[in-house]
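> Here you go, one structure.
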Amino acid sequence: MKFLKTILLALSLFFVTYQASACTVAVISGKYTKDGRPLLWKNRDTPAINNQIVYFNDGKYNYVGLVNSKDTQGKSVWIGQNSTGFAIMNSASYNLNIGDDTKLSGFEGRIIKEALATCASIEDFEKYLDSLPIPTRLEGNFGVIDAQGGAAMYEVNNKGYVKFDANDAKVAPFGYIIRSNYSYMGSFGEESSGYLRSNTANELFYNAMATNTFDAQFILQDVTRSLKHSLTKDDLYRDYADIPENTPTYSFFHDFIPRRSTASACVVQGVKKGEDPVFTTLWSVVGFPLTSIALPAWVKGEHDFPDVLKRNDKFNDAPVCYAALELKKKFFSIRWGKWAAKYYVNINALVNKDNTGIYQKIHPYENEIFKITNQKLDAWRSNEMKKSDLKEHYNQLNQLVVYMFDKEFEIDLN
C-alpha cells in the first residue's frame, strides 16, 4: 500500500505514458454457475502480446498471475489469484472521466498486484480503494471474487468508485456482470467502446445460464474464442467449416470477442463458501487464444506450474505464447496493406472441412487437459492437494502441450 501511494503521489511531478488497451471481462456469481463456484474472466487486449504466468511470494499473501513477458521484475499483474482465494482483474474504460483532463497513471496492473499481495476479501479491496488519493488517476473496471462467495465489479474513476454486486439480483438478474471498454456510470458516446463484444458475450452467457453449462471450460472454449458477431450475425466457424483444407479463405475480422490484439485469456474458478481456497484455479490461455491452449495453475504449486507458461530466455517469452504467436501468423496471413493485414483473416487456417485447422487440432488436447484436471480437483477436494501430486500433474500437462505443438505443428518448445 505504501509503495502504491508513493507512486501515485509522485505523478504530480512525473507521468508515465499511458498505453490504451481493450479487454472483455466478466464476474459471475457462484449462484448461477454449473458447480456453484464463482468465476472471473478476462480476455486481455493489449499491444503487449507476449505474456507469461508468474508466481509471487513478495506480499502478505502469495499469488499467481498473468504478467507481460518483458516485465522480468513482475511489476504489474493483469489478472490473478492469491492464497486466500481472492482474485482480481481489470478492463480499461474510456467514458468515466469525460471532461476531466487529469492525466491517467496507467497503473492498473500495479493496483492488481498490490491487491493480490494484501487483500483477502472484497471488503479488503474496498478499503484499499478507499485509501487511494483523489484524484485516483484511474479509469477502469475491476472485477473481483473471494472465497466467501463475493463477486463484484468496481467502476473506478478519478473521484472514487461504484460497486456492482453480481450476487444482487437487482444489479445482476442472471448472476453475471460483463464489461468491455465502457462503464455504466459513465457517459455513453463515441468515447466508450466494446458494446458489440459485450453484447455477444451476454448472448452466450445467457444461454449458458439457462442451460446450466456455465463453467470455466465453457467460457474459455465458447466465449473467449467465439467467432459469432452479435450485430452481423456472422458465425465464422459455421460459415466456413465446409471449405476443404489448404483453400485460403478470407473474412473480415472486427468486433469479435477475440481480436488481433488479444494477448491472452484467463478464467479464475473460485471456491464455494466454506471450501478450502487452495482449490481456487487460474485457467490461462497464454498467447493469442485462437491458437493457444488452456492450462491450470494453483498458488500452492508455487513455481512448479508447467514450464511452457514460464518465460524462457530461448524465446524471450513463455514457450506456449511463442508457439501461439507463430500459429497466429497463419491466421493473420496478409503481410501487405495496413488495413488488410489488420482486419482480414484466413479462416481456413483455423477451421476447415478436413478438421485440420489450428483450433481443430488443439481442441482435443485441451479437452483432455480439462478432463484430467477436473478429475484431479474432484479427488483433491475429497482428500487434499499434495504438492508432490500437484507437481506430477503439472509435468504431465507440460509434456502433453510440448508433444502437441511438436506433433501437430512442428514447433519445438524444448
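Naming scheme: A, B, ... for chains in displayed order of the C-alpha cells; residues 1 onward per chain; ligands 1 onward as shown.
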Can you list, as a list of chain:residue names, every protein, DNA or RNA residue that comes within 7 Å of segment 171-182 of chain A when you count only C-alpha atoms, leaving out same-chain residues fewer than 3 positions away?

A:Ala22, A:Cys23, A:Thr24, A:Val25, A:Ala26, A:Val27, A:Ile28, A:Ser29, A:Lys31, A:Tyr32, A:Ser91, A:Ala92, A:Ser93, A:Tyr94, A:Asn95, A:Phe164, A:Asp165, A:Ala166, A:Asn167, A:Asp168, A:Ser192, A:Ser193, A:Gly194, A:Ser198

> Please return as a ChimeraX atom specification: the residues of segment 166-406 of chain A that backbone DSSP assigns to strand (DSSP E).

/A:176-179,250-252,262-269,281-286,294-297,344-346

> Using only C-alpha atoms, which residues sit within 7 Å of segment 286-300 of chain A once same-chain residues fewer than 6 positions away are excluded, as a PyMOL selection string?

chain A and resi 49-52+62-64+82-83+225+262-265+278+280+320-321+324-325+327-328+358-359+362+366

> Could the residues in this selection be saved with C-alpha atoms as a PDB file, in the first residue's frame?


ATOM      1  CA  ILE A  49       1.173  -9.539 -26.828  1.00  0.00           C
ATOM      2  CA  ASN A  50       3.949 -11.550 -25.128  1.00  0.00           C
ATOM      3  CA  ASN A  51       2.626 -12.913 -21.823  1.00  0.00           C
ATOM      4  CA  GLN A  52       3.655 -15.349 -19.091  1.00  0.00           C
ATOM      5  CA  ASN A  62       1.329 -15.453  -2.078  1.00  0.00           C
ATOM      6  CA  TYR A  63      -0.229 -15.167  -5.512  1.00  0.00           C
ATOM      7  CA  VAL A  64      -0.029 -16.194  -9.157  1.00  0.00           C
ATOM      8  CA  ASN A  82      -3.863 -15.324  -4.112  1.00  0.00           C
ATOM      9  CA  SER A  83      -3.614 -17.911  -1.333  1.00  0.00           C
ATOM     10  CA  ARG A 225     -12.759 -17.949 -28.801  1.00  0.00           C
ATOM     11  CA  THR A 262      -5.954 -10.300 -27.834  1.00  0.00           C
ATOM     12  CA  ALA A 263      -2.820 -11.334 -25.970  1.00  0.00           C
ATOM     13  CA  SER A 264      -4.219 -13.933 -23.552  1.00  0.00           C
ATOM     14  CA  ALA A 265      -7.389 -15.089 -21.845  1.00  0.00           C
ATOM     15  CA  VAL A 278      -6.340 -23.749  -2.029  1.00  0.00           C
ATOM     16  CA  THR A 280      -9.008 -21.693  -6.455  1.00  0.00           C
ATOM     17  CA  VAL A 320       3.250 -21.568 -25.225  1.00  0.00           C
ATOM     18  CA  CYS A 321       2.892 -17.862 -26.046  1.00  0.00           C
ATOM     19  CA  ALA A 324       0.621 -19.356 -30.303  1.00  0.00           C
ATOM     20  CA  LEU A 325       2.091 -16.254 -31.943  1.00  0.00           C
ATOM     21  CA  LEU A 327       0.487 -20.027 -35.443  1.00  0.00           C
ATOM     22  CA  LYS A 328      -1.295 -16.667 -35.348  1.00  0.00           C
ATOM     23  CA  ILE A 358      -5.296 -24.923 -35.967  1.00  0.00           C
ATOM     24  CA  TYR A 359      -8.022 -24.859 -33.344  1.00  0.00           C
ATOM     25  CA  ILE A 362      -5.724 -28.062 -30.415  1.00  0.00           C
ATOM     26  CA  GLU A 366      -7.438 -29.108 -24.464  1.00  0.00           C
TER      27      GLU A 366
END

> List every residue of segment 248-344 of chain A that has an atom at most 10 Å from any atom of segment 143-148 of chain A, giving for each one its closest atom pair and the distance in Å to one decimal, counting only C-alpha atoms, sorted by chain and then by ascending residue number, as a Markdown table.


| residue | atom | partner | partner_atom | distance |
| --- | --- | --- | --- | --- |
| A:Val268 | CA | A:Ile145 | CA | 8.8 |
| A:Gln269 | CA | A:Ile145 | CA | 9.3 |
| A:Gly270 | CA | A:Ala147 | CA | 6.7 |
| A:Val271 | CA | A:Ala147 | CA | 5.7 |
| A:Lys272 | CA | A:Ala147 | CA | 6.7 |
| A:Lys273 | CA | A:Gln148 | CA | 4.7 |
| A:Gly274 | CA | A:Gln148 | CA | 7.1 |
| A:Glu275 | CA | A:Ala147 | CA | 7.5 |
| A:Asp276 | CA | A:Ala147 | CA | 8.1 |
| A:Pro277 | CA | A:Ala147 | CA | 6.0 |
| A:Val278 | CA | A:Ala147 | CA | 9.7 |
| A:Phe279 | CA | A:Ala147 | CA | 10.0 |
| A:Thr280 | CA | A:Ala147 | CA | 8.3 |

> Could you take the residues named above and write them with C-alpha atoms, as an mmCIF file, in the first residue's frame?


data_model
loop_
_atom_site.group_PDB
_atom_site.id
_atom_site.type_symbol
_atom_site.label_atom_id
_atom_site.label_comp_id
_atom_site.auth_asym_id
_atom_site.auth_seq_id
_atom_site.Cartn_x
_atom_site.Cartn_y
_atom_site.Cartn_z
ATOM 1 C CA VAL A 268 -10.306 -17.863 -12.272
ATOM 2 C CA GLN A 269 -12.557 -20.583 -10.887
ATOM 3 C CA GLY A 270 -13.199 -19.716 -7.264
ATOM 4 C CA VAL A 271 -14.404 -21.882 -4.391
ATOM 5 C CA LYS A 272 -17.706 -22.347 -2.629
ATOM 6 C CA LYS A 273 -18.189 -20.580 0.689
ATOM 7 C CA GLY A 274 -16.529 -22.729 3.367
ATOM 8 C CA GLU A 275 -14.378 -24.605 0.849
ATOM 9 C CA ASP A 276 -10.582 -24.522 1.144
ATOM 10 C CA PRO A 277 -9.311 -21.592 -1.007
ATOM 11 C CA VAL A 278 -6.340 -23.749 -2.029
ATOM 12 C CA PHE A 279 -8.577 -25.099 -4.801
ATOM 13 C CA THR A 280 -9.008 -21.693 -6.455
#

> Name the closest residue to Leu40 of chain A among the candidates A:Glu126, A:Glu139, A:Asp101, A:Asp215; distances are taken between atoms, counting only C-alpha atoms.

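So, comparing all the options, the nearest one is A:Asp215.
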
> So, with only C-alpha atoms as the atoms that count, which of A:Arg260, A:Arg44, A:Lys361, A:His254 lies closest to Asp406 of chain A?

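Looking only at the distances to Asp406 of chain A, the closest residue turns out to be A:Lys361.
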
> Between atom CA of Leu227 of chain A and atom CA of Phe253 of chain A, what distance in Å does the model show, to one decimal?

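Computing the Euclidean distance for atom CA of Leu227 of chain A and atom CA of Phe253 of chain A yields 9.0 Å.
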
> Using only C-alpha atoms, tabulate the residues of segment 285-364 of chain A lying at most 12 Å from any atom of segment 232-250 of chain A, each with its closest atom pair and that distance in Å to one decimal, by chain and increasing residue number, as a Markdown table.


| residue | atom | partner | partner_atom | distance |
| --- | --- | --- | --- | --- |
| A:Leu290 | CA | A:Tyr237 | CA | 11.6 |
| A:Lys330 | CA | A:Pro248 | CA | 10.0 |
| A:Phe331 | CA | A:Tyr250 | CA | 9.3 |
| A:Phe332 | CA | A:Tyr250 | CA | 9.5 |
| A:Ser333 | CA | A:Pro248 | CA | 9.4 |
| A:Ile334 | CA | A:Tyr250 | CA | 9.6 |
| A:Ala340 | CA | A:Tyr250 | CA | 10.2 |
| A:Ala341 | CA | A:Tyr250 | CA | 11.0 |
| A:Tyr343 | CA | A:Tyr250 | CA | 9.8 |
| A:Tyr344 | CA | A:Tyr250 | CA | 6.1 |
| A:Val345 | CA | A:Tyr250 | CA | 5.3 |
| A:Asn346 | CA | A:Tyr250 | CA | 4.6 |
| A:Ile347 | CA | A:Thr249 | CA | 5.9 |
| A:Asn348 | CA | A:Thr249 | CA | 5.6 |
| A:Ala349 | CA | A:Pro248 | CA | 7.4 |
| A:Leu350 | CA | A:Tyr237 | CA | 8.5 |
| A:Val351 | CA | A:Ala241 | CA | 5.9 |
| A:Asn352 | CA | A:Ala241 | CA | 4.8 |
| A:Lys353 | CA | A:Asp242 | CA | 4.5 |
| A:Asp354 | CA | A:Glu245 | CA | 5.9 |
| A:Asn355 | CA | A:Glu245 | CA | 7.9 |
| A:Thr356 | CA | A:Glu245 | CA | 6.8 |
| A:Gly357 | CA | A:Glu245 | CA | 7.5 |
| A:Ile358 | CA | A:Glu245 | CA | 10.9 |
| A:Tyr359 | CA | A:Tyr237 | CA | 10.3 |
| A:Gln360 | CA | A:Tyr237 | CA | 10.4 |

> Residues near Cys119 of chain A, anyone? I mean within 12 Å using only C-alpha atoms, not counting same-chain ones fewer than 2 positions away, as a ChimeraX atom specification.

/A:1,59-63,81-88,111-117,121-129,144-147

> Which residues are near Lys34 of chain A? Cut-off 9 Å, only C-alpha atoms, ignore same chain within fewer than 4 positions. Put them as a list in words.

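My reading of the contact set: Gly30, Met209, Asn212, Thr213, Phe214 and Asp215 of chain A.
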
> Which residue out of A:Ser230, A:Met404, A:Asn68, A:Trp336 has the minimum interatomic distance to Pro47 of chain A when only C-alpha atoms are used?

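Closest residue, counting only C-alpha atoms: A:Asn68.
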
> Smallest atom-to-atom distance to Lys159 of chain A: which of A:Asp307, A:Ala210, A:Phe205, A:Asn97, using only C-alpha atoms?

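Using only C-alpha atoms, the shortest distance to Lys159 of chain A belongs to A:Asn97.
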
> Could you state the separation of atom CA of Leu377 of chain A and atom CA of Leu413 of chain A in Å, given to one decimal place?

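Rounded to one decimal, the two atoms are 27.3 Å apart.
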